[in-house]
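The structure appears right after this line, and notes come after that.
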Amino acid sequence: MSYLPNSSSSGEIPRDYLDYKGFFRSLYDFKFNSLITTKIIKVLYALVTVLYSIGALAFFVILLSKGIIVGIIVIPLLYIIYLAFARVSFEILIVLFRIAEDVRRIANRPPSRTE
């Protein structure tokens, strides 16, 4: 049984593994051959979601305690807008990194002979 990512039962090492490094090896890769953003994007999004939720809840409670009823509508609406903007921003970031990885794979591919 192999613990390599995307490994096959034939025993050969997949090409993806040659580019794969763990988080800490990627963190100390000073040539920037391995990127950590694609590895930590889920954690960053979860952190942003928690922080936005805590902030929205705090503002909601503060506005209600001061008697500002508009907060009932405005805070949840702003929360959804900011969370959607954060999600789209992270998706754009991950797409850019995946494009970079694909371009690097294409550039490293051996030239094919067409006759």
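In the structure tokens, chains take letters A, B, ... by order of appearance, with residues numbered from 1 within each chain and ligands from 1 in the order shown.
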For Ile36 in chain A: contacts at 7 Å, only C-alpha atoms, fewer than 6 positions along chain excluded, given as a PDB file with C-alpha atoms, in the first residue's frame:
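Result went into around-v1.pdb, see below:
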ATOM      1  CA  PHE A  23       3.629  22.062   4.044  1.00  0.00           C
ATOM      2  CA  SER A  26       7.130  24.096   0.868  1.00  0.00           C
ATOM      3  CA  LEU A  27       7.410  26.762   3.540  1.00  0.00           C
TER       4      LEU A  27
END
Problem - Nearest residue to Ile40 in chain A from the set A:Ala107, A:Ile94, A:Leu83, A:Ile99 (distances using only C-alpha atoms) - result: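 The answer is A:Ile94, which sits nearest to Ile40 in chain A.
CA of Gly71 in chain A to CA of Ala56 in chain A spans 10.0 Å [interatomic distance, one decimal].
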Problem - Given only C-alpha atoms as the counted atoms, nearest of A:Val95, A:Ile81, A:Leu63, A:Ala86 to Tyr45 in chain A - result: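 Nearest to Tyr45 in chain A: A:Ala86.
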Exercise for the section: Might you pull out every residue within 10 Å of Pro76 in chain A, with only C-alpha atoms counted and same-chain residues fewer than 3 positions away left off, and present them as a PyMOL selection string? Expected result: chain A and resi 53+56-57+59-60+71-73+79-82
May I have the residues from that selection written out with C-alpha atoms, as a PDB file, in the first residue's frame?
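For reference, selection_37.pdb as written:
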ATOM      1  CA  SER A  53     -19.208  35.916  11.753  1.00  0.00           C
ATOM      2  CA  ALA A  56     -21.200  40.631  12.326  1.00  0.00           C
ATOM      3  CA  LEU A  57     -22.631  39.182  15.514  1.00  0.00           C
ATOM      4  CA  PHE A  59     -22.118  44.697  15.457  1.00  0.00           C
ATOM      5  CA  PHE A  60     -25.605  43.175  15.422  1.00  0.00           C
ATOM      6  CA  GLY A  71     -29.066  46.811  12.072  1.00  0.00           C
ATOM      7  CA  ILE A  72     -31.458  43.864  11.794  1.00  0.00           C
ATOM      8  CA  ILE A  73     -31.443  44.280   8.015  1.00  0.00           C
ATOM      9  CA  TYR A  79     -22.230  39.978   6.231  1.00  0.00           C
ATOM     10  CA  ILE A  80     -23.424  38.078   3.156  1.00  0.00           C
ATOM     11  CA  ILE A  81     -21.860  40.636   0.787  1.00  0.00           C
ATOM     12  CA  TYR A  82     -18.482  40.623   2.571  1.00  0.00           C
TER      13      TYR A  82
END
Exercise for the section: Work out how far CA of Gly55 in chain A is from CA of Ile69 in chain A, in Å to one decimal. Expected result: 17.6 Å
List every residue of range 18-113 of chain A that DSSP, applied to the backbone of this structure, assigns to helix (DSSP H, G or I), and report them as a PDB file with N, CA and C atoms, in the first residue's frame.
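Once everything was written out, this is part10.pdb:
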ATOM      1  N   LEU A  18       6.248  14.192  -7.982  1.00  0.00           N
ATOM      2  CA  LEU A  18       7.541  14.849  -8.157  1.00  0.00           C
ATOM      3  C   LEU A  18       7.446  16.321  -7.807  1.00  0.00           C
ATOM      4  N   ASP A  19       6.278  16.923  -7.983  1.00  0.00           N
ATOM      5  CA  ASP A  19       6.062  18.322  -7.649  1.00  0.00           C
ATOM      6  C   ASP A  19       5.493  18.494  -6.245  1.00  0.00           C
ATOM      7  N   PHE A  23       3.784  20.654   3.693  1.00  0.00           N
ATOM      8  CA  PHE A  23       3.629  22.062   4.044  1.00  0.00           C
ATOM      9  C   PHE A  23       4.948  22.680   4.491  1.00  0.00           C
ATOM     10  N   PHE A  24       5.667  22.014   5.404  1.00  0.00           N
ATOM     11  CA  PHE A  24       6.891  22.608   5.942  1.00  0.00           C
ATOM     12  C   PHE A  24       8.021  22.620   4.915  1.00  0.00           C
ATOM     13  N   ARG A  25       8.090  21.613   4.060  1.00  0.00           N
ATOM     14  CA  ARG A  25       9.094  21.644   2.989  1.00  0.00           C
ATOM     15  C   ARG A  25       8.787  22.770   2.016  1.00  0.00           C
ATOM     16  N   SER A  26       7.511  22.992   1.748  1.00  0.00           N
ATOM     17  CA  SER A  26       7.130  24.096   0.868  1.00  0.00           C
ATOM     18  C   SER A  26       7.404  25.445   1.510  1.00  0.00           C
ATOM     19  N   LEU A  27       7.203  25.511   2.819  1.00  0.00           N
ATOM     20  CA  LEU A  27       7.410  26.762   3.540  1.00  0.00           C
ATOM     21  C   LEU A  27       8.876  27.202   3.479  1.00  0.00           C
ATOM     22  N   THR A  37       0.092  28.353  -0.936  1.00  0.00           N
ATOM     23  CA  THR A  37      -1.238  28.971  -0.943  1.00  0.00           C
ATOM     24  C   THR A  37      -2.321  27.948  -1.249  1.00  0.00           C
ATOM     25  N   THR A  38      -2.061  27.061  -2.193  1.00  0.00           N
ATOM     26  CA  THR A  38      -3.067  26.062  -2.542  1.00  0.00           C
ATOM     27  C   THR A  38      -3.279  25.059  -1.416  1.00  0.00           C
ATOM     28  N   LYS A  39      -2.307  24.963  -0.511  1.00  0.00           N
ATOM     29  CA  LYS A  39      -2.428  24.027   0.606  1.00  0.00           C
ATOM     30  C   LYS A  39      -3.169  24.642   1.793  1.00  0.00           C
ATOM     31  N   ILE A  40      -3.115  25.962   1.945  1.00  0.00           N
ATOM     32  CA  ILE A  40      -3.692  26.587   3.141  1.00  0.00           C
ATOM     33  C   ILE A  40      -4.937  27.425   2.851  1.00  0.00           C
ATOM     34  N   ILE A  41      -5.398  27.438   1.623  1.00  0.00           N
ATOM     35  CA  ILE A  41      -6.518  28.305   1.256  1.00  0.00           C
ATOM     36  C   ILE A  41      -7.794  27.948   2.028  1.00  0.00           C
ATOM     37  N   LYS A  42      -8.029  26.672   2.302  1.00  0.00           N
ATOM     38  CA  LYS A  42      -9.226  26.258   3.044  1.00  0.00           C
ATOM     39  C   LYS A  42      -9.181  26.793   4.474  1.00  0.00           C
ATOM     40  N   VAL A  43      -8.003  26.729   5.085  1.00  0.00           N
ATOM     41  CA  VAL A  43      -7.850  27.221   6.455  1.00  0.00           C
ATOM     42  C   VAL A  43      -8.048  28.735   6.491  1.00  0.00           C
ATOM     43  N   LEU A  44      -7.483  29.438   5.505  1.00  0.00           N
ATOM     44  CA  LEU A  44      -7.641  30.894   5.451  1.00  0.00           C
ATOM     45  C   LEU A  44      -9.106  31.287   5.279  1.00  0.00           C
ATOM     46  N   TYR A  45      -9.822  30.572   4.416  1.00  0.00           N
ATOM     47  CA  TYR A  45     -11.240  30.879   4.213  1.00  0.00           C
ATOM     48  C   TYR A  45     -12.050  30.602   5.484  1.00  0.00           C
ATOM     49  N   ALA A  46     -11.745  29.512   6.163  1.00  0.00           N
ATOM     50  CA  ALA A  46     -12.438  29.207   7.414  1.00  0.00           C
ATOM     51  C   ALA A  46     -12.163  30.292   8.456  1.00  0.00           C
ATOM     52  N   LEU A  47     -10.927  30.752   8.525  1.00  0.00           N
ATOM     53  CA  LEU A  47     -10.568  31.805   9.470  1.00  0.00           C
ATOM     54  C   LEU A  47     -11.305  33.107   9.158  1.00  0.00           C
ATOM     55  N   VAL A  48     -11.351  33.473   7.886  1.00  0.00           N
ATOM     56  CA  VAL A  48     -12.073  34.686   7.478  1.00  0.00           C
ATOM     57  C   VAL A  48     -13.565  34.549   7.797  1.00  0.00           C
ATOM     58  N   THR A  49     -14.134  33.385   7.556  1.00  0.00           N
ATOM     59  CA  THR A  49     -15.550  33.158   7.838  1.00  0.00           C
ATOM     60  C   THR A  49     -15.846  33.306   9.333  1.00  0.00           C
ATOM     61  N   VAL A  50     -14.984  32.739  10.167  1.00  0.00           N
ATOM     62  CA  VAL A  50     -15.179  32.852  11.616  1.00  0.00           C
ATOM     63  C   VAL A  50     -15.052  34.305  12.062  1.00  0.00           C
ATOM     64  N   LEU A  51     -14.031  34.995  11.574  1.00  0.00           N
ATOM     65  CA  LEU A  51     -13.827  36.394  11.964  1.00  0.00           C
ATOM     66  C   LEU A  51     -14.979  37.286  11.498  1.00  0.00           C
ATOM     67  N   TYR A  52     -15.439  37.089  10.264  1.00  0.00           N
ATOM     68  CA  TYR A  52     -16.585  37.862   9.773  1.00  0.00           C
ATOM     69  C   TYR A  52     -17.831  37.567  10.602  1.00  0.00           C
ATOM     70  N   SER A  53     -18.028  36.297  10.967  1.00  0.00           N
ATOM     71  CA  SER A  53     -19.208  35.916  11.753  1.00  0.00           C
ATOM     72  C   SER A  53     -19.179  36.559  13.130  1.00  0.00           C
ATOM     73  N   ILE A  54     -18.025  36.522  13.778  1.00  0.00           N
ATOM     74  CA  ILE A  54     -17.895  37.150  15.097  1.00  0.00           C
ATOM     75  C   ILE A  54     -18.116  38.660  14.993  1.00  0.00           C
ATOM     76  N   GLY A  55     -17.535  39.283  13.987  1.00  0.00           N
ATOM     77  CA  GLY A  55     -17.702  40.719  13.793  1.00  0.00           C
ATOM     78  C   GLY A  55     -19.145  41.101  13.517  1.00  0.00           C
ATOM     79  N   ALA A  56     -19.797  40.334  12.650  1.00  0.00           N
ATOM     80  CA  ALA A  56     -21.200  40.631  12.326  1.00  0.00           C
ATOM     81  C   ALA A  56     -22.088  40.454  13.543  1.00  0.00           C
ATOM     82  N   LEU A  57     -21.844  39.412  14.310  1.00  0.00           N
ATOM     83  CA  LEU A  57     -22.631  39.182  15.514  1.00  0.00           C
ATOM     84  C   LEU A  57     -22.413  40.299  16.535  1.00  0.00           C
ATOM     85  N   ALA A  58     -21.173  40.729  16.682  1.00  0.00           N
ATOM     86  CA  ALA A  58     -20.869  41.810  17.624  1.00  0.00           C
ATOM     87  C   ALA A  58     -21.559  43.103  17.213  1.00  0.00           C
ATOM     88  N   PHE A  59     -21.458  43.473  15.934  1.00  0.00           N
ATOM     89  CA  PHE A  59     -22.118  44.697  15.457  1.00  0.00           C
ATOM     90  C   PHE A  59     -23.633  44.585  15.587  1.00  0.00           C
ATOM     91  N   PHE A  60     -24.169  43.404  15.316  1.00  0.00           N
ATOM     92  CA  PHE A  60     -25.605  43.175  15.422  1.00  0.00           C
ATOM     93  C   PHE A  60     -26.073  43.424  16.853  1.00  0.00           C
ATOM     94  N   VAL A  61     -25.359  42.854  17.821  1.00  0.00           N
ATOM     95  CA  VAL A  61     -25.721  43.019  19.233  1.00  0.00           C
ATOM     96  C   VAL A  61     -25.562  44.473  19.664  1.00  0.00           C
ATOM     97  N   ILE A  62     -24.486  45.129  19.245  1.00  0.00           N
ATOM     98  CA  ILE A  62     -24.254  46.534  19.609  1.00  0.00           C
ATOM     99  C   ILE A  62     -25.361  47.429  19.063  1.00  0.00           C
ATOM    100  N   LEU A  63     -25.713  47.237  17.801  1.00  0.00           N
ATOM    101  CA  LEU A  63     -26.758  48.071  17.205  1.00  0.00           C
ATOM    102  C   LEU A  63     -28.119  47.822  17.854  1.00  0.00           C
ATOM    103  N   LEU A  64     -28.417  46.566  18.162  1.00  0.00           N
ATOM    104  CA  LEU A  64     -29.690  46.274  18.827  1.00  0.00           C
ATOM    105  C   LEU A  64     -29.720  46.835  20.243  1.00  0.00           C
ATOM    106  N   SER A  65     -28.586  46.790  20.941  1.00  0.00           N
ATOM    107  CA  SER A  65     -28.560  47.322  22.307  1.00  0.00           C
ATOM    108  C   SER A  65     -28.718  48.836  22.329  1.00  0.00           C
ATOM    109  N   GLY A  71     -30.095  47.833  11.985  1.00  0.00           N
ATOM    110  CA  GLY A  71     -29.066  46.811  12.072  1.00  0.00           C
ATOM    111  C   GLY A  71     -29.576  45.410  11.804  1.00  0.00           C
ATOM    112  N   ILE A  72     -30.865  45.184  12.050  1.00  0.00           N
ATOM    113  CA  ILE A  72     -31.458  43.864  11.794  1.00  0.00           C
ATOM    114  C   ILE A  72     -31.378  43.512  10.316  1.00  0.00           C
ATOM    115  N   ILE A  73     -31.500  44.511   9.465  1.00  0.00           N
ATOM    116  CA  ILE A  73     -31.443  44.280   8.015  1.00  0.00           C
ATOM    117  C   ILE A  73     -30.036  44.500   7.477  1.00  0.00           C
ATOM    118  N   VAL A  74     -29.396  45.552   7.914  1.00  0.00           N
ATOM    119  CA  VAL A  74     -28.114  45.955   7.330  1.00  0.00           C
ATOM    120  C   VAL A  74     -26.989  44.973   7.663  1.00  0.00           C
ATOM    121  N   ILE A  75     -26.855  44.569   8.911  1.00  0.00           N
ATOM    122  CA  ILE A  75     -25.737  43.712   9.318  1.00  0.00           C
ATOM    123  C   ILE A  75     -25.760  42.359   8.605  1.00  0.00           C
ATOM    124  N   PRO A  76     -26.882  41.629   8.579  1.00  0.00           N
ATOM    125  CA  PRO A  76     -26.869  40.355   7.838  1.00  0.00           C
ATOM    126  C   PRO A  76     -26.602  40.546   6.339  1.00  0.00           C
ATOM    127  N   LEU A  77     -27.127  41.633   5.767  1.00  0.00           N
ATOM    128  CA  LEU A  77     -26.890  41.894   4.348  1.00  0.00           C
ATOM    129  C   LEU A  77     -25.415  42.167   4.076  1.00  0.00           C
ATOM    130  N   LEU A  78     -24.801  43.012   4.901  1.00  0.00           N
ATOM    131  CA  LEU A  78     -23.369  43.296   4.752  1.00  0.00           C
ATOM    132  C   LEU A  78     -22.519  42.047   4.992  1.00  0.00           C
ATOM    133  N   TYR A  79     -22.941  41.227   5.945  1.00  0.00           N
ATOM    134  CA  TYR A  79     -22.230  39.978   6.231  1.00  0.00           C
ATOM    135  C   TYR A  79     -22.198  39.087   4.994  1.00  0.00           C
ATOM    136  N   ILE A  80     -23.344  38.914   4.362  1.00  0.00           N
ATOM    137  CA  ILE A  80     -23.424  38.078   3.156  1.00  0.00           C
ATOM    138  C   ILE A  80     -22.576  38.664   2.033  1.00  0.00           C
ATOM    139  N   ILE A  81     -22.633  39.974   1.846  1.00  0.00           N
ATOM    140  CA  ILE A  81     -21.860  40.636   0.787  1.00  0.00           C
ATOM    141  C   ILE A  81     -20.363  40.473   1.032  1.00  0.00           C
ATOM    142  N   TYR A  82     -19.906  40.738   2.261  1.00  0.00           N
ATOM    143  CA  TYR A  82     -18.482  40.623   2.571  1.00  0.00           C
ATOM    144  C   TYR A  82     -17.996  39.174   2.475  1.00  0.00           C
ATOM    145  N   LEU A  83     -18.810  38.230   2.926  1.00  0.00           N
ATOM    146  CA  LEU A  83     -18.421  36.830   2.844  1.00  0.00           C
ATOM    147  C   LEU A  83     -18.361  36.365   1.389  1.00  0.00           C
ATOM    148  N   ALA A  84     -19.312  36.802   0.576  1.00  0.00           N
ATOM    149  CA  ALA A  84     -19.282  36.459  -0.846  1.00  0.00           C
ATOM    150  C   ALA A  84     -18.053  37.067  -1.523  1.00  0.00           C
ATOM    151  N   PHE A  85     -17.726  38.318  -1.177  1.00  0.00           N
ATOM    152  CA  PHE A  85     -16.543  38.957  -1.743  1.00  0.00           C
ATOM    153  C   PHE A  85     -15.271  38.214  -1.338  1.00  0.00           C
ATOM    154  N   ALA A  86     -15.193  37.782  -0.093  1.00  0.00           N
ATOM    155  CA  ALA A  86     -14.030  37.023   0.367  1.00  0.00           C
ATOM    156  C   ALA A  86     -13.934  35.697  -0.388  1.00  0.00           C
ATOM    157  N   ARG A  87     -15.053  35.023  -0.561  1.00  0.00           N
ATOM    158  CA  ARG A  87     -15.067  33.737  -1.269  1.00  0.00           C
ATOM    159  C   ARG A  87     -14.615  33.902  -2.707  1.00  0.00           C
ATOM    160  N   VAL A  88     -15.139  34.897  -3.394  1.00  0.00           N
ATOM    161  CA  VAL A  88     -14.752  35.146  -4.788  1.00  0.00           C
ATOM    162  C   VAL A  88     -13.269  35.502  -4.866  1.00  0.00           C
ATOM    163  N   SER A  89     -12.781  36.280  -3.923  1.00  0.00           N
ATOM    164  CA  SER A  89     -11.360  36.641  -3.904  1.00  0.00           C
ATOM    165  C   SER A  89     -10.482  35.407  -3.740  1.00  0.00           C
ATOM    166  N   PHE A  90     -10.855  34.515  -2.829  1.00  0.00           N
ATOM    167  CA  PHE A  90     -10.088  33.288  -2.644  1.00  0.00           C
ATOM    168  C   PHE A  90     -10.170  32.386  -3.874  1.00  0.00           C
ATOM    169  N   GLU A  91     -11.337  32.334  -4.512  1.00  0.00           N
ATOM    170  CA  GLU A  91     -11.474  31.519  -5.724  1.00  0.00           C
ATOM    171  C   GLU A  91     -10.600  32.065  -6.848  1.00  0.00           C
ATOM    172  N   ILE A  92     -10.561  33.380  -7.019  1.00  0.00           N
ATOM    173  CA  ILE A  92      -9.696  33.981  -8.041  1.00  0.00           C
ATOM    174  C   ILE A  92      -8.242  33.655  -7.741  1.00  0.00           C
ATOM    175  N   LEU A  93      -7.865  33.757  -6.484  1.00  0.00           N
ATOM    176  CA  LEU A  93      -6.495  33.456  -6.086  1.00  0.00           C
ATOM    177  C   LEU A  93      -6.134  32.009  -6.388  1.00  0.00           C
ATOM    178  N   ILE A  94      -7.007  31.086  -6.055  1.00  0.00           N
ATOM    179  CA  ILE A  94      -6.709  29.673  -6.294  1.00  0.00           C
ATOM    180  C   ILE A  94      -6.675  29.358  -7.779  1.00  0.00           C
ATOM    181  N   VAL A  95      -7.527  30.004  -8.568  1.00  0.00           N
ATOM    182  CA  VAL A  95      -7.501  29.799 -10.022  1.00  0.00           C
ATOM    183  C   VAL A  95      -6.177  30.290 -10.603  1.00  0.00           C
ATOM    184  N   LEU A  96      -5.703  31.435 -10.139  1.00  0.00           N
ATOM    185  CA  LEU A  96      -4.415  31.944 -10.617  1.00  0.00           C
ATOM    186  C   LEU A  96      -3.274  30.988 -10.277  1.00  0.00           C
ATOM    187  N   PHE A  97      -3.286  30.425  -9.077  1.00  0.00           N
ATOM    188  CA  PHE A  97      -2.242  29.481  -8.701  1.00  0.00           C
ATOM    189  C   PHE A  97      -2.338  28.187  -9.492  1.00  0.00           C
ATOM    190  N   ARG A  98      -3.545  27.733  -9.778  1.00  0.00           N
ATOM    191  CA  ARG A  98      -3.694  26.518 -10.588  1.00  0.00           C
ATOM    192  C   ARG A  98      -3.251  26.759 -12.023  1.00  0.00           C
ATOM    193  N   ILE A  99      -3.524  27.943 -12.557  1.00  0.00           N
ATOM    194  CA  ILE A  99      -3.029  28.282 -13.895  1.00  0.00           C
ATOM    195  C   ILE A  99      -1.513  28.258 -13.903  1.00  0.00           C
ATOM    196  N   ALA A 100      -0.897  28.838 -12.872  1.00  0.00           N
ATOM    197  CA  ALA A 100       0.571  28.850 -12.781  1.00  0.00           C
ATOM    198  C   ALA A 100       1.129  27.432 -12.721  1.00  0.00           C
ATOM    199  N   GLU A 101       0.488  26.556 -11.942  1.00  0.00           N
ATOM    200  CA  GLU A 101       0.946  25.168 -11.851  1.00  0.00           C
ATOM    201  C   GLU A 101       0.813  24.458 -13.196  1.00  0.00           C
ATOM    202  N   ASP A 102      -0.301  24.681 -13.899  1.00  0.00           N
ATOM    203  CA  ASP A 102      -0.497  24.055 -15.203  1.00  0.00           C
ATOM    204  C   ASP A 102       0.509  24.563 -16.231  1.00  0.00           C
ATOM    205  N   VAL A 103       0.772  25.847 -16.211  1.00  0.00           N
ATOM    206  CA  VAL A 103       1.751  26.416 -17.145  1.00  0.00           C
ATOM    207  C   VAL A 103       3.135  25.841 -16.868  1.00  0.00           C
ATOM    208  N   ARG A 104       3.470  25.667 -15.587  1.00  0.00           N
ATOM    209  CA  ARG A 104       4.771  25.096 -15.237  1.00  0.00           C
ATOM    210  C   ARG A 104       4.868  23.656 -15.713  1.00  0.00           C
ATOM    211  N   ARG A 105       3.797  22.888 -15.579  1.00  0.00           N
ATOM    212  CA  ARG A 105       3.804  21.496 -16.072  1.00  0.00           C
ATOM    213  C   ARG A 105       3.970  21.464 -17.579  1.00  0.00           C
ATOM    214  N   ILE A 106       3.289  22.369 -18.283  1.00  0.00           N
ATOM    215  CA  ILE A 106       3.412  22.410 -19.738  1.00  0.00           C
ATOM    216  C   ILE A 106       4.832  22.797 -20.147  1.00  0.00           C
ATOM    217  N   ALA A 107       5.409  23.768 -19.437  1.00  0.00           N
ATOM    218  CA  ALA A 107       6.766  24.209 -19.761  1.00  0.00           C
ATOM    219  C   ALA A 107       7.797  23.123 -19.481  1.00  0.00           C
ATOM    220  N   ASN A 108       7.579  22.274 -18.499  1.00  0.00           N
ATOM    221  CA  ASN A 108       8.522  21.223 -18.137  1.00  0.00           C
ATOM    222  C   ASN A 108       8.314  19.939 -18.927  1.00  0.00           C
TER     223      ASN A 108
END
